[in-house]
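Peer 1: Input: one structure, supplied below.
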Amino acid sequence: MDMKERFSSLTQIPEFTSTFSDPAVAETAGMDVMQINVGRLCNLACKHCHVGAGPNRTEVMGRDVMEACLKVYRNQGFSTIDITGGAPEMNPDFRWFVDEACKICDHVIVRTNLVIMLEEGFTDLPEFYRDHKIEVFCSLPHYKAKTTDRQRGLNVFERSIKVIQKLNELGYGRDPELVLNMVYNPAGAFFPPDQTTMENEYKTILGRDYGIEFNNLFTITNNPIGRFGEFLVRSDNFESYMNKLYAAFNPATLENMMCRTQLSVGWDGLLYDCDFNQALDMKIESGETIFDMTDKPYVPRRICFNKHCYACTAGAGSSCGGTTE
Amino acid sequence: MKTYYNPDDLDKFATMGEEAPALWDAFMAYYGGVMADGALTAREKALIALAIAHADKCPYCIDSYTQTCLQMGIDEEEMTEAVHVAAAMKAGITLVHGVQMKNIVDKLEM
């Protein structure tokens with residue numbers, strides 16, 4: 001049974017579209033972020049990864065797709081390019097793409113697992129990011145090694161700390177032009193803590209123990225798909241987690257759901273309303289690819305929903321940029 | 001009913017308000033106020049609640065406050081220490097009552 005079939009089997013949880021009556025909620029409201037998943041290849045295989053990234057994945061975006069992304073970015077009024085993966089740095093055209101993206105976009109984000117920057121061939125990336133004034137989003141599931149390593153792999157915490165310290169030395173988290181954000185994912189079948197409280201905890205403890213500085217911590221609710229979804233099923237937590245998501249539904253988060261202002265591009269140029277839909281292979285309603293859009297202006301589109309969308313509307317809401325309420 | 005304690009009963013807690021809604025509402029308002037950030041943080045209060053849940057051996061509260069603690073970013077090490085505080089208090093409380101035993105022994109023995 002795949003995840004979409006599992007969602008259908010939860011008859012006590014209504015379809016996500018029944019939670020709102022305003023049809024505008026189901027439509028995009030202008031494009032802000034183009035999130036580009038440049039491949040599922042990664043040097044880690046984190047337990048919560050919704051795209052199932054890892055060292056054995058072969059899906060890697062080609063330069064033709066990247067070029068099409070840049071054209072669509074120019075035509076459709078986006079303001080941010082958000083590059084993710086996998087470990088996006090492992091795409092052979094990554095540096096070229098960042099160079100080109102920075103020529104047309106003032107706000108380029110790269111989502112990094114940090115530890116890739118300790119691998120041979122990637123150690124120049126901290127300076128590369130600094131020189132391009134890339135906004136760096138890094139994953140650090142906890143300020144303690146045990147919790148981080150349980151989710152991301154042995155010694156990942158210690159190695160992540162080394163890279164963050166290097167980024168700090170280069171000015172990240174200190175120079176206003178060099179923004180370093182961290183992402184917190186719960187290490188299990190529970191919701192994230194209050195974002196501000198946890199940010200204060202992180203800043204206090206990482207500053208005290210490692211001299212680390214950063215800008216913002218974003219807490220993200222784990223989406224019940226991909227590897228995390230498999231964990232929920234395997235550990236018999238799937239139904240109770242979905243029930244909790246539904247019980248925590250907050251209508252105030254609907255307006256700011258990230259899918260309303262985002263286009264998610266897959267490694268092969270297929271398009272999705274968000275990275276979670278991408279992981280579930282739920283393409284945008286029209287089925288167009290990035291190549292179909294290169295000469296088109298922005299046109300509002302109807303968003304495709306399923307029950308995993310309750311993860312973005314639980315409590316204070318959740319997105320790739322943290323809470324949304 | 002196979003057991004007195006059923007995990008699903010936790011979700012029925014609010015039914016305690018059915019025959020006494022005013023008392024239930026007053027309890028919930030008080031409970032919510034107590035557990036919110038104050039001179040102590042909500043995080044610290046959750047750890048106290050977890051310790052008391054163990055001291056009073058309430059399976060509902062252990063389930064509920066373990067989840068609450070995880071959701072507040074509290075890790076297993078911190079929760080374990082809180083349970084040890086409860087255990088240490090229980091041990092100390094037991095031992096200090098030994099003074100009563102000694103007082104009685106002193107009074108009765110020749």
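Residue numbering restarts at 1 in every chain; chains get A, B, ... in the order shown in the structure tokens, and ligands count up from 1 in that same order.
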For region 98-106 of chain A, work out the shell of residues within 12 Å, counting only C-alpha atoms and skipping chain neighbours fewer than 6 positions away, then give it as number ranges by chain.
Peer 2: A: 32-34, 36, 38, 63, 66-75, 77-84, 88-89, 91-92, 125, 128-129, 131-135, 177
Peer 1: I need the residues from that last selection saved to file as an mmCIF file, in the first residue's frame (with N, CA and C atoms), if you can.
Peer 2:
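So result17.cif came out as:
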data_model
loop_
_atom_site.group_PDB
_atom_site.id
_atom_site.type_symbol
_atom_site.label_atom_id
_atom_site.label_comp_id
_atom_site.auth_asym_id
_atom_site.auth_seq_id
_atom_site.Cartn_x
_atom_site.Cartn_y
_atom_site.Cartn_z
ATOM 1 N N ASP A 32 6.450 33.455 -5.450
ATOM 2 C CA ASP A 32 7.531 34.053 -4.663
ATOM 3 C C ASP A 32 8.791 33.169 -4.734
ATOM 4 N N VAL A 33 8.625 31.901 -4.354
ATOM 5 C CA VAL A 33 9.788 31.007 -4.256
ATOM 6 C C VAL A 33 9.759 29.955 -5.368
ATOM 7 N N MET A 34 10.852 29.864 -6.104
ATOM 8 C CA MET A 34 11.040 28.715 -6.982
ATOM 9 C C MET A 34 11.981 27.770 -6.237
ATOM 10 N N ILE A 36 13.960 24.438 -6.161
ATOM 11 C CA ILE A 36 14.496 23.555 -7.196
ATOM 12 C C ILE A 36 15.231 22.397 -6.531
ATOM 13 N N VAL A 38 17.593 19.757 -7.052
ATOM 14 C CA VAL A 38 18.564 19.445 -8.112
ATOM 15 C C VAL A 38 19.027 17.991 -8.084
ATOM 16 N N ARG A 63 21.783 20.253 -16.847
ATOM 17 C CA ARG A 63 21.911 21.688 -17.064
ATOM 18 C C ARG A 63 20.743 22.246 -17.894
ATOM 19 N N MET A 66 18.083 23.189 -15.531
ATOM 20 C CA MET A 66 18.490 24.391 -14.792
ATOM 21 C C MET A 66 18.305 25.647 -15.647
ATOM 22 N N GLU A 67 18.684 25.544 -16.913
ATOM 23 C CA GLU A 67 18.531 26.704 -17.806
ATOM 24 C C GLU A 67 17.053 27.082 -17.938
ATOM 25 N N ALA A 68 16.197 26.069 -18.042
ATOM 26 C CA ALA A 68 14.757 26.329 -18.140
ATOM 27 C C ALA A 68 14.246 26.981 -16.849
ATOM 28 N N CYS A 69 14.761 26.544 -15.714
ATOM 29 C CA CYS A 69 14.363 27.143 -14.425
ATOM 30 C C CYS A 69 14.678 28.637 -14.418
ATOM 31 N N LEU A 70 15.862 28.987 -14.907
ATOM 32 C CA LEU A 70 16.278 30.390 -14.898
ATOM 33 C C LEU A 70 15.358 31.223 -15.805
ATOM 34 N N LYS A 71 14.957 30.644 -16.941
ATOM 35 C CA LYS A 71 14.038 31.366 -17.844
ATOM 36 C C LYS A 71 12.687 31.590 -17.178
ATOM 37 N N VAL A 72 12.171 30.544 -16.555
ATOM 38 C CA VAL A 72 10.853 30.666 -15.912
ATOM 39 C C VAL A 72 10.937 31.638 -14.742
ATOM 40 N N TYR A 73 12.049 31.610 -14.028
ATOM 41 C CA TYR A 73 12.222 32.554 -12.909
ATOM 42 C C TYR A 73 12.068 33.988 -13.411
ATOM 43 N N ARG A 74 12.710 34.280 -14.531
ATOM 44 C CA ARG A 74 12.674 35.648 -15.071
ATOM 45 C C ARG A 74 11.253 36.034 -15.500
ATOM 46 N N ASN A 75 10.509 35.064 -16.062
ATOM 47 C CA ASN A 75 9.205 35.385 -16.666
ATOM 48 C C ASN A 75 8.053 35.478 -15.691
ATOM 49 N N GLY A 77 7.875 36.325 -12.200
ATOM 50 C CA GLY A 77 7.786 37.196 -11.031
ATOM 51 C C GLY A 77 8.239 36.596 -9.718
ATOM 52 N N PHE A 78 9.074 35.597 -9.765
ATOM 53 C CA PHE A 78 9.614 35.033 -8.522
ATOM 54 C C PHE A 78 10.582 36.024 -7.874
ATOM 55 N N SER A 79 10.816 35.848 -6.559
ATOM 56 C CA SER A 79 11.814 36.701 -5.893
ATOM 57 C C SER A 79 12.894 35.878 -5.183
ATOM 58 N N THR A 80 12.681 34.576 -5.079
ATOM 59 C CA THR A 80 13.649 33.723 -4.371
ATOM 60 C C THR A 80 13.895 32.445 -5.158
ATOM 61 N N ILE A 81 15.163 32.058 -5.214
ATOM 62 C CA ILE A 81 15.519 30.732 -5.733
ATOM 63 C C ILE A 81 16.023 29.910 -4.551
ATOM 64 N N ASP A 82 15.372 28.783 -4.323
ATOM 65 C CA ASP A 82 15.635 27.948 -3.149
ATOM 66 C C ASP A 82 16.129 26.593 -3.677
ATOM 67 N N ILE A 83 17.423 26.342 -3.501
ATOM 68 C CA ILE A 83 18.026 25.142 -4.089
ATOM 69 C C ILE A 83 18.154 24.053 -3.023
ATOM 70 N N THR A 84 17.574 22.900 -3.337
ATOM 71 C CA THR A 84 17.557 21.822 -2.344
ATOM 72 C C THR A 84 17.880 20.492 -3.020
ATOM 73 N N PRO A 88 22.428 19.251 -2.509
ATOM 74 C CA PRO A 88 22.448 19.911 -3.819
ATOM 75 C C PRO A 88 23.860 20.092 -4.358
ATOM 76 N N GLU A 89 24.814 20.204 -3.427
ATOM 77 C CA GLU A 89 26.208 20.428 -3.839
ATOM 78 C C GLU A 89 26.760 19.271 -4.673
ATOM 79 N N ASN A 91 25.367 17.806 -7.130
ATOM 80 C CA ASN A 91 25.046 17.929 -8.562
ATOM 81 C C ASN A 91 26.273 18.516 -9.263
ATOM 82 N N PRO A 92 26.753 17.868 -10.354
ATOM 83 C CA PRO A 92 27.983 18.358 -10.996
ATOM 84 C C PRO A 92 27.869 19.779 -11.541
ATOM 85 N N LEU A 125 33.384 25.112 -0.531
ATOM 86 C CA LEU A 125 32.015 25.649 -0.597
ATOM 87 C C LEU A 125 31.714 26.747 0.432
ATOM 88 N N PHE A 128 32.767 29.736 -1.246
ATOM 89 C CA PHE A 128 31.908 29.917 -2.432
ATOM 90 C C PHE A 128 30.578 30.550 -2.017
ATOM 91 N N TYR A 129 30.010 30.031 -0.936
ATOM 92 C CA TYR A 129 28.738 30.591 -0.446
ATOM 93 C C TYR A 129 28.916 32.038 -0.009
ATOM 94 N N ASP A 131 31.158 34.210 -1.003
ATOM 95 C CA ASP A 131 31.406 35.094 -2.147
ATOM 96 C C ASP A 131 30.123 35.393 -2.930
ATOM 97 N N HIS A 132 29.179 34.458 -2.918
ATOM 98 C CA HIS A 132 27.915 34.652 -3.646
ATOM 99 C C HIS A 132 26.807 35.174 -2.729
ATOM 100 N N LYS A 133 27.147 35.411 -1.452
ATOM 101 C CA LYS A 133 26.157 35.873 -0.459
ATOM 102 C C LYS A 133 24.903 34.978 -0.454
ATOM 103 N N ILE A 134 25.156 33.692 -0.501
ATOM 104 C CA ILE A 134 24.065 32.712 -0.463
ATOM 105 C C ILE A 134 23.483 32.672 0.946
ATOM 106 N N GLU A 135 22.169 32.639 1.036
ATOM 107 C CA GLU A 135 21.533 32.397 2.342
ATOM 108 C C GLU A 135 21.579 30.893 2.588
ATOM 109 N N GLU A 177 24.838 40.493 5.862
ATOM 110 C CA GLU A 177 24.650 40.025 4.483
ATOM 111 C C GLU A 177 24.860 38.517 4.350
#
Peer 1: Among region 26-70 of chain B, which ones does DSSP place in alpha helix (DSSP H), written as a VMD selection string?
Peer 2: chain B and resid 26 to 35 42 to 55 59 to 70
Peer 1: Quick check: residues of chain A within 8 Å of chain B, only C-alpha atoms, returned as a compact mmCIF listing (two decimals) with C-alpha atoms, in the first residue's frame.
Peer 2:
# COMPACT_ATOMS: atom_id res chain seq x y z
CA THR A 147 19.57 13.24 19.01
CA PRO A 186 11.46 16.45 15.35
CA PHE A 190 5.78 14.18 17.57
CA PHE A 191 5.39 17.85 16.66
CA PRO A 192 8.08 20.51 16.84
CA PRO A 193 8.36 22.84 19.83
CA ASP A 194 7.49 26.51 19.80
CA MET A 198 13.57 26.51 20.62
Peer 1: As a PyMOL selection string, please: every residue in region 63-213 of chain A that DSSP puts in strand (DSSP E).
Peer 2: chain A and resi 80-84+108-112+135-139+180-184
Peer 1: Between CA of Pro141 (chain A) and CA of Asn37 (chain A), what distance in Å does the model show, to one decimal?
Peer 2: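 So the answer is 20.7 Å.
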Peer 1: Phe305 (chain A): which residues within 8 Å, counting only C-alpha atoms, same-chain residues fewer than 3 positions away excluded, as a VMD selection string?
Peer 2: chain A and resid 16 to 17 308 to 309
Peer 1: Can you write just those residues out, C-alpha atoms, as a PDB file, in the first residue's frame?
Peer 2:
ATOM      1  CA  PHE A  16      -8.007  18.340   3.129  1.00  0.00           C
ATOM      2  CA  THR A  17     -10.145  20.327   0.668  1.00  0.00           C
ATOM      3  CA  HIS A 308      -0.319  15.000   4.097  1.00  0.00           C
ATOM      4  CA  CYS A 309      -1.169  18.713   3.773  1.00  0.00           C
TER       5      CYS A 309
END
Peer 1: Fewer than 4 positions away in the same chain doesn't count, so skip those; otherwise give me all residues within 9 Å of region 55-62 of chain B, counting only C-alpha atoms, as an mmCIF file with N, CA and C atoms, in the first residue's frame.
Peer 2:
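Writing done, so here's around27.cif:
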data_model
loop_
_atom_site.group_PDB
_atom_site.id
_atom_site.type_symbol
_atom_site.label_atom_id
_atom_site.label_comp_id
_atom_site.auth_asym_id
_atom_site.auth_seq_id
_atom_site.Cartn_x
_atom_site.Cartn_y
_atom_site.Cartn_z
ATOM 1 N N TYR B 5 -6.984 0.534 33.196
ATOM 2 C CA TYR B 5 -6.333 1.603 32.437
ATOM 3 C C TYR B 5 -6.370 1.272 30.953
ATOM 4 N N ASN B 6 -6.960 2.175 30.154
ATOM 5 C CA ASN B 6 -7.041 2.006 28.709
ATOM 6 C C ASN B 6 -6.494 3.282 28.064
ATOM 7 N N PRO B 7 -5.474 3.164 27.184
ATOM 8 C CA PRO B 7 -4.894 4.370 26.575
ATOM 9 C C PRO B 7 -5.935 5.267 25.901
ATOM 10 N N ASP B 9 -8.764 5.964 26.850
ATOM 11 C CA ASP B 9 -9.519 6.762 27.819
ATOM 12 C C ASP B 9 -8.961 8.169 27.984
ATOM 13 N N LEU B 10 -7.683 8.337 27.660
ATOM 14 C CA LEU B 10 -7.093 9.673 27.780
ATOM 15 C C LEU B 10 -7.861 10.683 26.927
ATOM 16 N N ALA B 49 5.784 18.280 35.758
ATOM 17 C CA ALA B 49 4.583 17.455 35.575
ATOM 18 C C ALA B 49 4.968 16.006 35.267
ATOM 19 N N LEU B 50 5.995 15.836 34.450
ATOM 20 C CA LEU B 50 6.443 14.474 34.105
ATOM 21 C C LEU B 50 6.940 13.751 35.360
ATOM 22 N N ALA B 51 7.688 14.459 36.194
ATOM 23 C CA ALA B 51 8.202 13.859 37.434
ATOM 24 C C ALA B 51 7.048 13.451 38.347
ATOM 25 N N THR B 66 5.156 12.733 28.468
ATOM 26 C CA THR B 66 6.309 12.327 27.651
ATOM 27 C C THR B 66 6.167 12.940 26.261
ATOM 28 N N GLN B 67 4.956 12.867 25.714
ATOM 29 C CA GLN B 67 4.731 13.464 24.390
ATOM 30 C C GLN B 67 4.874 14.980 24.427
ATOM 31 N N VAL B 83 12.725 12.205 36.123
ATOM 32 C CA VAL B 83 12.182 11.013 36.793
ATOM 33 C C VAL B 83 13.065 10.646 37.993
ATOM 34 N N ALA B 86 12.050 12.660 40.902
ATOM 35 C CA ALA B 86 10.879 12.062 41.552
ATOM 36 C C ALA B 86 11.295 10.865 42.396
ATOM 37 N N ALA B 87 12.170 10.019 41.838
ATOM 38 C CA ALA B 87 12.606 8.820 42.555
ATOM 39 C C ALA B 87 13.394 9.186 43.802
ATOM 40 N N MET B 89 13.180 11.956 45.519
ATOM 41 C CA MET B 89 12.244 12.518 46.505
ATOM 42 C C MET B 89 11.470 11.400 47.207
ATOM 43 N N LYS B 90 11.021 10.436 46.409
ATOM 44 C CA LYS B 90 10.295 9.303 46.999
ATOM 45 C C LYS B 90 11.179 8.569 48.009
#
Peer 1: Within 7 Å of Asp273 (chain A), counting only C-alpha atoms, which residues show up once you throw out same-chain ones fewer than 3 positions away? Write them as a ChimeraX atom specification, please.
Peer 2: /A:259,262-264,277,284,303-304
